[in-house]
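Student: For reference, this is work-v8.cif, and it has mmCIF, C-alpha atoms.
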data_protein
#
loop_
_atom_site.group_PDB
_atom_site.id
_atom_site.type_symbol
_atom_site.label_atom_id
_atom_site.label_comp_id
_atom_site.auth_asym_id
_atom_site.auth_seq_id
_atom_site.Cartn_x
_atom_site.Cartn_y
_atom_site.Cartn_z
ATOM 1 C CA LEU X 1 132.481 -21.100 97.907
ATOM 2 C CA GLY X 2 135.340 -21.356 100.369
ATOM 3 C CA ARG X 3 135.087 -19.423 103.598
ATOM 4 C CA THR X 4 137.740 -17.084 104.920
ATOM 5 C CA LYS X 5 138.245 -17.198 108.685
ATOM 6 C CA VAL X 6 138.124 -13.788 110.292
ATOM 7 C CA THR X 7 140.431 -13.514 113.291
ATOM 8 C CA SER X 8 139.248 -11.244 116.072
ATOM 9 C CA ARG X 9 141.468 -8.689 117.762
ATOM 10 C CA ARG X 10 141.303 -10.730 120.977
ATOM 11 C CA GLU X 11 142.402 -13.903 119.189
ATOM 12 C CA ARG X 12 145.273 -12.002 117.608
ATOM 13 C CA ARG X 13 146.284 -10.645 121.018
ATOM 14 C CA ASP X 14 146.147 -14.160 122.485
ATOM 15 C CA ASP X 15 148.245 -15.476 119.609
ATOM 16 C CA ASP X 16 150.778 -12.667 120.115
ATOM 17 C CA THR X 17 150.934 -13.459 123.823
ATOM 18 C CA ASP X 18 151.556 -17.135 123.075
ATOM 19 C CA ASP X 19 154.304 -16.168 120.634
ATOM 20 C CA ASP X 20 155.892 -13.889 123.240
ATOM 21 C CA GLN X 21 155.788 -16.683 125.821
ATOM 22 C CA ARG X 22 157.399 -19.118 123.392
ATOM 23 C CA ASP X 23 160.069 -16.536 122.577
ATOM 24 C CA ASP X 24 160.747 -16.004 126.288
ATOM 25 C CA GLU X 25 161.111 -19.751 126.814
ATOM 26 C CA GLU X 26 163.476 -20.045 123.869
ATOM 27 C CA GLN X 27 165.592 -17.208 125.267
ATOM 28 C CA LYS X 28 166.048 -19.009 128.602
ATOM 29 C CA PRO X 29 168.045 -22.153 127.923
ATOM 30 C CA GLY X 30 167.462 -23.501 131.423
ATOM 31 C CA THR X 31 163.698 -22.882 131.629
ATOM 32 C CA MET X 32 161.897 -25.713 133.432
ATOM 33 C CA THR X 33 165.117 -27.713 133.592
ATOM 34 C CA LYS X 34 165.963 -29.464 136.865
ATOM 35 C CA VAL X 35 169.585 -29.771 137.920
ATOM 36 C CA ALA X 36 171.268 -31.064 141.054
ATOM 37 C CA ILE X 37 174.299 -29.441 142.639
ATOM 38 C CA ILE X 38 176.068 -32.096 144.678
ATOM 39 C CA CYS X 39 178.276 -31.495 147.722
ATOM 40 C CA THR X 40 180.491 -33.491 150.063
ATOM 41 C CA SER X 41 179.333 -34.392 153.560
ATOM 42 C CA ALA X 42 182.904 -34.895 154.819
ATOM 43 C CA SER X 43 184.423 -32.308 157.147
ATOM 44 C CA ASP X 44 187.735 -34.093 157.668
ATOM 45 C CA LEU X 45 190.363 -35.530 155.344
ATOM 46 C CA ASN X 46 193.130 -37.362 157.180
ATOM 47 C CA GLY X 47 193.084 -34.792 159.972
ATOM 48 C CA HIS X 48 192.687 -31.784 157.680
ATOM 49 C CA LYS X 49 189.489 -29.855 158.452
ATOM 50 C CA THR X 50 187.653 -29.270 155.198
ATOM 51 C CA GLY X 51 184.273 -29.496 153.441
ATOM 52 C CA ILE X 52 182.926 -27.780 150.345
ATOM 53 C CA TRP X 53 184.588 -24.746 148.795
ATOM 54 C CA TYR X 54 181.951 -22.027 149.176
ATOM 55 C CA GLU X 55 182.428 -20.361 145.786
ATOM 56 C CA GLU X 56 182.058 -23.710 144.055
ATOM 57 C CA LEU X 57 178.513 -24.021 145.419
ATOM 58 C CA ALA X 58 177.490 -20.379 145.154
ATOM 59 C CA ALA X 59 178.651 -19.942 141.547
ATOM 60 C CA PRO X 60 176.623 -22.738 139.931
ATOM 61 C CA TYR X 61 173.631 -22.018 142.176
ATOM 62 C CA TYR X 62 173.222 -18.502 140.770
ATOM 63 C CA ILE X 63 174.181 -19.386 137.200
ATOM 64 C CA PHE X 64 171.423 -22.001 137.164
ATOM 65 C CA LYS X 65 168.941 -19.880 139.109
ATOM 66 C CA ASP X 66 169.402 -16.887 136.839
ATOM 67 C CA GLY X 67 169.215 -19.232 133.848
ATOM 68 C CA GLY X 68 165.727 -20.361 134.839
ATOM 69 C CA CYS X 69 166.586 -23.799 136.183
ATOM 70 C CA GLU X 70 164.919 -25.636 139.016
ATOM 71 C CA ILE X 71 167.723 -26.391 141.480
ATOM 72 C CA VAL X 72 168.117 -29.069 144.102
ATOM 73 C CA ILE X 73 171.172 -28.984 146.363
ATOM 74 C CA ALA X 74 172.234 -32.462 147.411
ATOM 75 C CA SER X 75 175.028 -34.007 149.447
ATOM 76 C CA ILE X 76 176.306 -37.498 150.100
ATOM 77 C CA GLN X 77 174.473 -37.866 153.413
ATOM 78 C CA GLY X 78 171.930 -35.049 153.142
ATOM 79 C CA GLY X 79 171.585 -32.133 155.541
ATOM 80 C CA ASP X 80 173.889 -29.151 155.853
ATOM 81 C CA PRO X 81 177.215 -29.824 154.074
ATOM 82 C CA PRO X 82 180.325 -28.628 155.925
ATOM 83 C CA VAL X 83 182.061 -25.566 154.507
ATOM 84 C CA ASP X 84 185.839 -25.292 154.410
ATOM 85 C CA ALA X 85 186.640 -22.319 156.644
ATOM 86 C CA ALA X 86 189.464 -21.283 154.333
ATOM 87 C CA SER X 87 186.915 -20.538 151.603
ATOM 88 C CA MET X 88 185.109 -18.036 153.810
ATOM 89 C CA GLY X 89 187.821 -15.421 154.205
ATOM 90 C CA GLY X 90 190.181 -13.115 152.367
ATOM 91 C CA ASP X 91 189.927 -12.932 148.589
ATOM 92 C CA PHE X 92 188.142 -16.295 148.454
ATOM 93 C CA ILE X 93 184.869 -14.835 149.724
ATOM 94 C CA LYS X 94 184.996 -11.722 147.523
ATOM 95 C CA PRO X 95 183.443 -13.100 144.301
ATOM 96 C CA GLU X 96 180.027 -11.613 143.588
ATOM 97 C CA CYS X 97 178.316 -14.997 143.836
ATOM 98 C CA CYS X 98 179.704 -15.509 147.358
ATOM 99 C CA GLN X 99 178.590 -12.080 148.508
ATOM 100 C CA ARG X 100 175.158 -12.721 147.057
ATOM 101 C CA ALA X 101 174.899 -16.082 148.812
ATOM 102 C CA LEU X 102 175.862 -14.629 152.177
ATOM 103 C CA LYS X 103 172.825 -12.325 152.021
ATOM 104 C CA ASP X 104 170.411 -14.868 150.546
ATOM 105 C CA ALA X 105 168.225 -16.713 153.058
ATOM 106 C CA ALA X 106 166.829 -18.969 150.318
ATOM 107 C CA PHE X 107 170.330 -20.096 149.360
ATOM 108 C CA GLU X 108 171.221 -20.846 152.976
ATOM 109 C CA GLU X 109 167.995 -22.790 153.506
ATOM 110 C CA ALA X 110 168.558 -24.847 150.343
ATOM 111 C CA LYS X 111 172.100 -25.615 151.506
ATOM 112 C CA LYS X 112 171.107 -26.570 155.034
ATOM 113 C CA SER X 113 168.327 -28.837 153.814
ATOM 114 C CA SER X 114 170.251 -30.611 151.062
ATOM 115 C CA VAL X 115 168.807 -33.945 150.018
ATOM 116 C CA ALA X 116 170.800 -37.162 150.148
ATOM 117 C CA VAL X 117 172.270 -38.204 146.806
ATOM 118 C CA GLY X 118 170.581 -41.576 147.213
ATOM 119 C CA ASP X 119 167.208 -39.807 147.056
ATOM 120 C CA LEU X 120 167.902 -38.236 143.658
ATOM 121 C CA ASN X 121 166.357 -39.783 140.558
ATOM 122 C CA ALA X 122 168.332 -39.477 137.327
ATOM 123 C CA ASP X 123 165.100 -39.567 135.333
ATOM 124 C CA ASP X 124 164.046 -36.272 136.959
ATOM 125 C CA LEU X 125 167.309 -34.456 136.211
ATOM 126 C CA ALA X 126 168.808 -32.820 133.145
ATOM 127 C CA GLY X 127 172.263 -32.880 134.707
ATOM 128 C CA VAL X 128 174.429 -32.538 137.790
ATOM 129 C CA PHE X 129 177.211 -30.224 138.928
ATOM 130 C CA LEU X 130 179.749 -31.599 141.413
ATOM 131 C CA VAL X 131 181.069 -29.081 143.936
ATOM 132 C CA GLY X 132 184.692 -29.280 145.001
ATOM 133 C CA GLY X 133 186.485 -28.754 148.279
ATOM 134 C CA HIS X 134 188.850 -31.318 149.779
ATOM 135 C CA GLY X 135 185.993 -33.095 151.573
ATOM 136 C CA VAL X 136 185.136 -34.844 148.298
ATOM 137 C CA CYS X 137 188.437 -36.710 148.514
ATOM 138 C CA ALA X 138 186.849 -38.655 151.377
ATOM 139 C CA ASP X 139 183.324 -39.354 150.106
ATOM 140 C CA PHE X 140 183.174 -38.884 146.322
ATOM 141 C CA ILE X 141 185.135 -42.128 145.949
ATOM 142 C CA GLY X 142 184.868 -45.594 147.488
ATOM 143 C CA GLU X 143 181.949 -46.951 149.504
ATOM 144 C CA PRO X 144 180.449 -43.553 150.491
ATOM 145 C CA ALA X 145 180.145 -42.644 146.800
ATOM 146 C CA LYS X 146 178.131 -45.657 145.637
ATOM 147 C CA ASP X 147 174.907 -43.697 145.158
ATOM 148 C CA LEU X 148 176.764 -40.845 143.480
ATOM 149 C CA VAL X 149 178.519 -43.183 141.066
ATOM 150 C CA ALA X 150 175.246 -44.922 140.197
ATOM 151 C CA LEU X 151 173.576 -41.566 139.552
ATOM 152 C CA ILE X 152 176.358 -40.290 137.288
ATOM 153 C CA GLU X 153 176.533 -43.533 135.357
ATOM 154 C CA LYS X 154 172.790 -43.430 134.729
ATOM 155 C CA LEU X 155 172.878 -39.775 133.684
ATOM 156 C CA THR X 156 175.698 -40.359 131.211
ATOM 157 C CA ALA X 157 173.882 -43.405 129.828
ATOM 158 C CA GLN X 158 170.924 -41.072 129.253
ATOM 159 C CA ASP X 159 173.214 -38.594 127.444
ATOM 160 C CA LYS X 160 172.724 -35.901 130.083
ATOM 161 C CA VAL X 161 175.189 -33.264 131.242
ATOM 162 C CA VAL X 162 177.609 -33.988 134.076
ATOM 163 C CA ALA X 163 179.927 -31.232 135.290
ATOM 164 C CA ALA X 164 182.462 -30.732 138.062
ATOM 165 C CA THR X 165 185.025 -28.179 139.071
ATOM 166 C CA CYS X 166 188.296 -28.396 141.017
ATOM 167 C CA HIS X 167 188.264 -31.485 143.309
ATOM 168 C CA GLY X 168 184.629 -32.152 142.400
ATOM 169 C CA VAL X 169 186.027 -34.281 139.578
ATOM 170 C CA PHE X 170 186.693 -36.981 142.195
ATOM 171 C CA GLY X 171 183.053 -37.914 141.622
ATOM 172 C CA PHE X 172 183.944 -39.223 138.158
ATOM 173 C CA PHE X 173 186.864 -41.431 139.177
ATOM 174 C CA ASP X 174 184.871 -44.542 140.161
ATOM 175 C CA CYS X 175 182.380 -44.176 137.301
ATOM 176 C CA LYS X 176 182.386 -46.511 134.330
ATOM 177 C CA THR X 177 180.757 -46.701 130.924
ATOM 178 C CA ALA X 178 178.394 -49.490 129.883
ATOM 179 C CA ASP X 179 181.338 -51.528 128.582
ATOM 180 C CA GLY X 180 183.223 -51.271 131.872
ATOM 181 C CA ALA X 181 185.795 -48.647 130.873
ATOM 182 C CA ALA X 182 186.596 -45.661 133.070
ATOM 183 C CA LEU X 183 184.069 -42.908 132.341
ATOM 184 C CA ILE X 184 186.768 -40.344 131.615
ATOM 185 C CA LYS X 185 189.053 -42.632 129.592
ATOM 186 C CA GLY X 186 189.935 -40.860 126.362
ATOM 187 C CA LYS X 187 187.981 -37.773 127.412
ATOM 188 C CA LYS X 188 189.427 -34.274 127.468
ATOM 189 C CA CYS X 189 189.102 -32.906 130.973
ATOM 190 C CA THR X 190 190.688 -30.821 133.695
ATOM 191 C CA GLY X 191 190.752 -30.505 137.476
ATOM 192 C CA PHE X 192 192.946 -29.117 140.260
ATOM 193 C CA CYS X 193 196.478 -29.504 138.918
ATOM 194 C CA ASP X 194 199.495 -30.925 140.726
ATOM 195 C CA SER X 195 201.195 -27.553 141.136
ATOM 196 C CA GLU X 196 198.038 -26.045 142.649
ATOM 197 C CA GLU X 197 197.778 -28.973 145.081
ATOM 198 C CA ALA X 198 201.410 -28.461 146.054
ATOM 199 C CA ALA X 199 200.796 -24.753 146.554
ATOM 200 C CA VAL X 200 198.098 -25.448 149.169
ATOM 201 C CA GLY X 201 200.313 -28.030 150.861
ATOM 202 C CA LEU X 202 197.950 -30.985 150.569
ATOM 203 C CA THR X 203 199.673 -33.278 148.085
ATOM 204 C CA ALA X 204 200.479 -35.744 150.853
ATOM 205 C CA THR X 205 196.997 -35.492 152.374
ATOM 206 C CA VAL X 206 194.852 -36.337 149.352
ATOM 207 C CA PRO X 207 194.619 -39.998 148.224
ATOM 208 C CA PHE X 208 195.799 -38.803 144.816
ATOM 209 C CA THR X 209 195.745 -35.500 142.989
ATOM 210 C CA PRO X 210 193.038 -34.879 140.403
ATOM 211 C CA GLU X 211 195.638 -34.416 137.670
ATOM 212 C CA ALA X 212 197.478 -37.644 138.456
ATOM 213 C CA ARG X 213 194.290 -39.685 138.783
ATOM 214 C CA MET X 214 192.882 -38.405 135.513
ATOM 215 C CA ARG X 215 196.053 -39.338 133.707
ATOM 216 C CA ASP X 216 196.063 -42.790 135.357
ATOM 217 C CA LEU X 217 192.495 -43.382 134.173
ATOM 218 C CA GLY X 218 193.433 -42.553 130.595
ATOM 219 C CA ALA X 219 191.883 -39.106 130.366
ATOM 220 C CA VAL X 220 193.360 -36.427 128.142
ATOM 221 C CA TYR X 221 194.229 -34.006 130.927
ATOM 222 C CA GLU X 222 194.507 -30.292 130.087
ATOM 223 C CA LYS X 223 195.300 -27.301 132.262
ATOM 224 C CA ALA X 224 195.985 -23.587 132.204
ATOM 225 C CA ALA X 225 198.235 -21.478 134.417
ATOM 226 C CA ASP X 226 197.726 -22.037 138.153
ATOM 227 C CA TRP X 227 194.582 -20.370 139.560
ATOM 228 C CA SER X 228 193.408 -19.224 136.112
ATOM 229 C CA PRO X 229 189.799 -19.915 135.080
ATOM 230 C CA PHE X 230 189.851 -22.892 132.710
ATOM 231 C CA VAL X 231 187.056 -25.156 131.503
ATOM 232 C CA VAL X 232 187.066 -28.186 129.222
ATOM 233 C CA ALA X 233 183.973 -29.697 127.615
ATOM 234 C CA ASP X 234 184.096 -33.062 125.888
ATOM 235 C CA GLY X 235 180.603 -33.859 124.706
ATOM 236 C CA LYS X 236 178.404 -33.495 127.777
ATOM 237 C CA LEU X 237 181.256 -33.924 130.259
ATOM 238 C CA VAL X 238 182.277 -30.504 131.598
ATOM 239 C CA THR X 239 185.176 -29.893 133.979
ATOM 240 C CA GLY X 240 186.768 -26.826 135.576
ATOM 241 C CA GLN X 241 190.319 -26.591 136.884
ATOM 242 C CA ASN X 242 189.949 -24.674 140.147
ATOM 243 C CA PRO X 243 187.620 -22.469 142.222
ATOM 244 C CA ALA X 244 187.978 -19.598 139.749
ATOM 245 C CA SER X 245 186.597 -21.938 137.075
ATOM 246 C CA SER X 246 183.311 -22.508 138.929
ATOM 247 C CA THR X 247 181.346 -19.796 137.133
ATOM 248 C CA PRO X 248 182.495 -20.561 133.566
ATOM 249 C CA CYS X 249 182.075 -24.289 134.220
ATOM 250 C CA ALA X 250 178.454 -23.738 135.269
ATOM 251 C CA GLN X 251 177.909 -21.404 132.314
ATOM 252 C CA LYS X 252 179.120 -24.104 129.933
ATOM 253 C CA MET X 253 176.824 -26.645 131.569
ATOM 254 C CA LEU X 254 173.865 -24.275 131.201
ATOM 255 C CA GLU X 255 174.744 -23.801 127.544
ATOM 256 C CA LEU X 256 174.685 -27.575 127.003
ATOM 257 C CA LEU X 257 171.315 -27.840 128.717
ATOM 258 C CA ALA X 258 169.737 -25.623 126.061
#
Take the structure I supplied and represent it as structure tokens, if you would.
Tutor:
Amino acid sequence: LGRTKVTSRRERRDDDTDDDQRDDEEQKPGTMTKVAIICTSASDLNGHKTGIWYEELAAPYYIFKDGGCEIVIASIQGGDPPVDAASMGGDFIKPECCQRALKDAAFEEAKKSSVAVGDLNADDLAGVFLVGGHGVCADFIGEPAKDLVALIEKLTAQDKVVAATCHGVFGFFDCKTADGAALIKGKKCTGFCDSEEAAVGLTATVPFTPEARMRDLGAVYEKAADWSPFVVADGKLVTGQNPASSTPCAQKMLELLA
């Protein structure tokens, strides 16, 4: 005769607990996922004092943290990335993520102790988010960006998520696909637009505007009204237009990490 297994109450409770844990994990798309948020190390661009744009670091940090991700803050050289003073006053510092960061010792410690991009391993990461601020115009391209470019190229070859907002898109400009084409060629994307650059008076200071460079590289550039939140995702390439796009850009990246 066949035997019927009798399940004890304890076994049923253990099974229920396991089911609850699995449900919790499924409800957190970023659980146990490691992402890097990458910053500039440049504090000067052709005489213009700059650095990262504070909101563009704070926004993804809390989107990923609240989404259950393991976060590593990195920068081109490592150490404490410079912060553009303009991003620390007026309406620019009012977003909830900025106010939260200002009171968060763990955030400040992670920022101050950022690892060098060259010490990141693509195999350990599910994706990266590139922080903007005009400092990237100095070190997200050219010789200083060699490690960054290598990292992004490896991540995209592994079909992982790469995201950037505002001027952070400079980190994509030197990147190529396996066949030698520009990474963003034919891709829908966005970034700080020409009229926004003109509005802040830095068109002549930057090596090129994000909009112009994207078009030159063959990207399908899209934009919304100046200063409006706007995000474009083309496969696992995610881009945001401006500082106000930082939160939705990070939210889209988190969604793709699920």
Student: Report, in Å with one decimal, the straight-line distance from CA of Lys160 (chain X) to CA of Ile141 (chain X).
Tutor: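 CA of Ile141 (chain X) lies at a distance of 21.1 Å from CA of Lys160 (chain X).
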Student: Looking at only C-alpha atoms, which of X:Gly180, X:Gly240, X:Gly235, X:Gly135 is the one that sits closest to Asn46 (chain X)?
Tutor: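 Smallest distance to Asn46 (chain X) is found for X:Gly135.
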Student: Name the closest residue to Gln77 (chain X) among the candidates X:Asp139, X:Glu55, X:Asp44, X:Glu108; distances are taken between atoms, counting all atoms listed in the file.
Tutor: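 When distances to Gln77 (chain X) are compared using all atoms listed in the file, the smallest one comes from X:Asp139.
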Student: Could you tell me how far CA of Phe140 (chain X) lies from CA of Leu256 (chain X), in Å and to one decimal?
Tutor: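 Those two atoms sit 23.9 Å apart.
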Student: Counting only C-alpha atoms, which residue out of X:Thr203, X:Gln251, X:Thr190, X:Ser114 sits closest to Cys166 (chain X)?
Tutor: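 Among the listed residues, the smallest separation from Cys166 (chain X) belongs to X:Thr190.
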Student: For Thr239 (chain X), find every residue with an atom within 6 Å (counting only C-alpha atoms), except residues of its own chain fewer than 3 positions away, and show them as a list in words.
Tutor: Ala163, Ala164, Thr165, Cys189, Thr190, Val231 and Val232 of chain X
Student: Find the spatial neighbours of Leu102 (chain X), counting only C-alpha atoms, within a cut-off of 12 Å - ignore same-chain residues fewer than 2 positions away - and output them as a list in words.
Tutor: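 Contacts, in chain order: Tyr54, Glu55, Leu57, Ala58, Met88, Ile93, Lys94, Pro95, Glu96, Cys97, Cys98, Gln99, Arg100, Asp104, Ala105, Ala106, Phe107, Glu108, Glu109 and Lys111 of chain X.
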Student: Which is closest to Val238 (chain X) among X:Ser87, X:Thr156, X:Thr177, X:Ser113, if we use only C-alpha atoms?
Tutor: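 Checking each candidate against Val238 (chain X), we get X:Thr156 as the closest.
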Student: Would you give the centre and edge lengths, in Å to one decimal, of a box along x, y and z around the listed atoms of region 35-46 of chain X, with 6 Å added to each side, as lines of an AutoDock Vina configuration file?
Tutor:
center_x = 181.4
center_y = -33.4
center_z = 147.8
size_x = 35.5
size_y = 19.9
size_z = 31.7
Student: Rounded to one decimal, what separation in Å do you get between CA of Leu183 (chain X) and CA of Leu148 (chain X)?
Tutor: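 Separating CA of Leu183 (chain X) from CA of Leu148 (chain X) is a distance of 13.5 Å.
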Student: What's around Val149 (chain X) at 9 Å? Count only C-alpha atoms, leave out sequence neighbours fewer than 3 positions away in its own chain, and write the answer as a list in words.
Tutor: Phe140, Ile141, Ala145, Lys146, Ile152, Glu153, Lys154, Gly171, Phe172, Phe173, Asp174, Cys175 and Lys176 of chain X
Student: Name the residues in contact with region 123-129 of chain X at a cut-off of 10 Å, using all atoms listed in the file, excluding same-chain residues fewer than 3 positions from it; report them as an MDAnalysis selection string.
Tutor: chainID X and resid 30 32:39 56:57 60:61 69:74 120 132 151:152 154:156 158:165 168:169 236 238:239 246 249:250 253:254 256:257
Student: Just write the chosen residues, C-alpha atoms, as a short mmCIF file (atom, residue, chain, number, x, y, z; two decimals), in the frame of the given file.
Tutor:
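File written: again-v3.cif
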data_model
loop_
_atom_site.label_atom_id
_atom_site.label_comp_id
_atom_site.auth_asym_id
_atom_site.auth_seq_id
_atom_site.Cartn_x
_atom_site.Cartn_y
_atom_site.Cartn_z
CA GLY X 30 167.46 -23.50 131.42
CA MET X 32 161.90 -25.71 133.43
CA THR X 33 165.12 -27.71 133.59
CA LYS X 34 165.96 -29.46 136.86
CA VAL X 35 169.58 -29.77 137.92
CA ALA X 36 171.27 -31.06 141.05
CA ILE X 37 174.30 -29.44 142.64
CA ILE X 38 176.07 -32.10 144.68
CA CYS X 39 178.28 -31.50 147.72
CA GLU X 56 182.06 -23.71 144.06
CA LEU X 57 178.51 -24.02 145.42
CA PRO X 60 176.62 -22.74 139.93
CA TYR X 61 173.63 -22.02 142.18
CA CYS X 69 166.59 -23.80 136.18
CA GLU X 70 164.92 -25.64 139.02
CA ILE X 71 167.72 -26.39 141.48
CA VAL X 72 168.12 -29.07 144.10
CA ILE X 73 171.17 -28.98 146.36
CA ALA X 74 172.23 -32.46 147.41
CA LEU X 120 167.90 -38.24 143.66
CA GLY X 132 184.69 -29.28 145.00
CA LEU X 151 173.58 -41.57 139.55
CA ILE X 152 176.36 -40.29 137.29
CA LYS X 154 172.79 -43.43 134.73
CA LEU X 155 172.88 -39.78 133.68
CA THR X 156 175.70 -40.36 131.21
CA GLN X 158 170.92 -41.07 129.25
CA ASP X 159 173.21 -38.59 127.44
CA LYS X 160 172.72 -35.90 130.08
CA VAL X 161 175.19 -33.26 131.24
CA VAL X 162 177.61 -33.99 134.08
CA ALA X 163 179.93 -31.23 135.29
CA ALA X 164 182.46 -30.73 138.06
CA THR X 165 185.02 -28.18 139.07
CA GLY X 168 184.63 -32.15 142.40
CA VAL X 169 186.03 -34.28 139.58
CA LYS X 236 178.40 -33.49 127.78
CA VAL X 238 182.28 -30.50 131.60
CA THR X 239 185.18 -29.89 133.98
CA SER X 246 183.31 -22.51 138.93
CA CYS X 249 182.08 -24.29 134.22
CA ALA X 250 178.45 -23.74 135.27
CA MET X 253 176.82 -26.64 131.57
CA LEU X 254 173.86 -24.28 131.20
CA LEU X 256 174.68 -27.58 127.00
CA LEU X 257 171.32 -27.84 128.72
#
Student: Take the PyMOL selection byres ((chain X and resi 207-216) around 9), apply it to the structure above, and return the hits as a short mmCIF file (atom, residue, chain, number, x, y, z; two decimals) with C-alpha atoms, keeping the file's coordinate frame.
Tutor:
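What ended up in out-v6.cif:
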data_model
loop_
_atom_site.label_atom_id
_atom_site.label_comp_id
_atom_site.auth_asym_id
_atom_site.auth_seq_id
_atom_site.Cartn_x
_atom_site.Cartn_y
_atom_site.Cartn_z
CA CYS X 137 188.44 -36.71 148.51
CA ALA X 138 186.85 -38.66 151.38
CA CYS X 166 188.30 -28.40 141.02
CA HIS X 167 188.26 -31.48 143.31
CA VAL X 169 186.03 -34.28 139.58
CA PHE X 170 186.69 -36.98 142.20
CA PHE X 173 186.86 -41.43 139.18
CA ILE X 184 186.77 -40.34 131.62
CA LYS X 185 189.05 -42.63 129.59
CA CYS X 189 189.10 -32.91 130.97
CA THR X 190 190.69 -30.82 133.70
CA GLY X 191 190.75 -30.50 137.48
CA PHE X 192 192.95 -29.12 140.26
CA CYS X 193 196.48 -29.50 138.92
CA ASP X 194 199.50 -30.92 140.73
CA GLU X 197 197.78 -28.97 145.08
CA THR X 203 199.67 -33.28 148.08
CA ALA X 204 200.48 -35.74 150.85
CA THR X 205 197.00 -35.49 152.37
CA VAL X 206 194.85 -36.34 149.35
CA LEU X 217 192.50 -43.38 134.17
CA GLY X 218 193.43 -42.55 130.60
CA ALA X 219 191.88 -39.11 130.37
CA VAL X 220 193.36 -36.43 128.14
CA TYR X 221 194.23 -34.01 130.93
CA GLU X 222 194.51 -30.29 130.09
CA LYS X 223 195.30 -27.30 132.26
#
Student: Running the PyMOL selection byres ((chain X and resi 52) around 6) on this model by hand, what would come out? Give it as a ChimeraX atom specification.
Tutor: /X:51,53-54,83-84,132-133
Student: Find, counting all atoms listed in the file, the residue in X:Gly142, X:Ala157, X:Phe230, X:Gly201 that gets nearest to Pro243 (chain X).
Tutor: X:Phe230
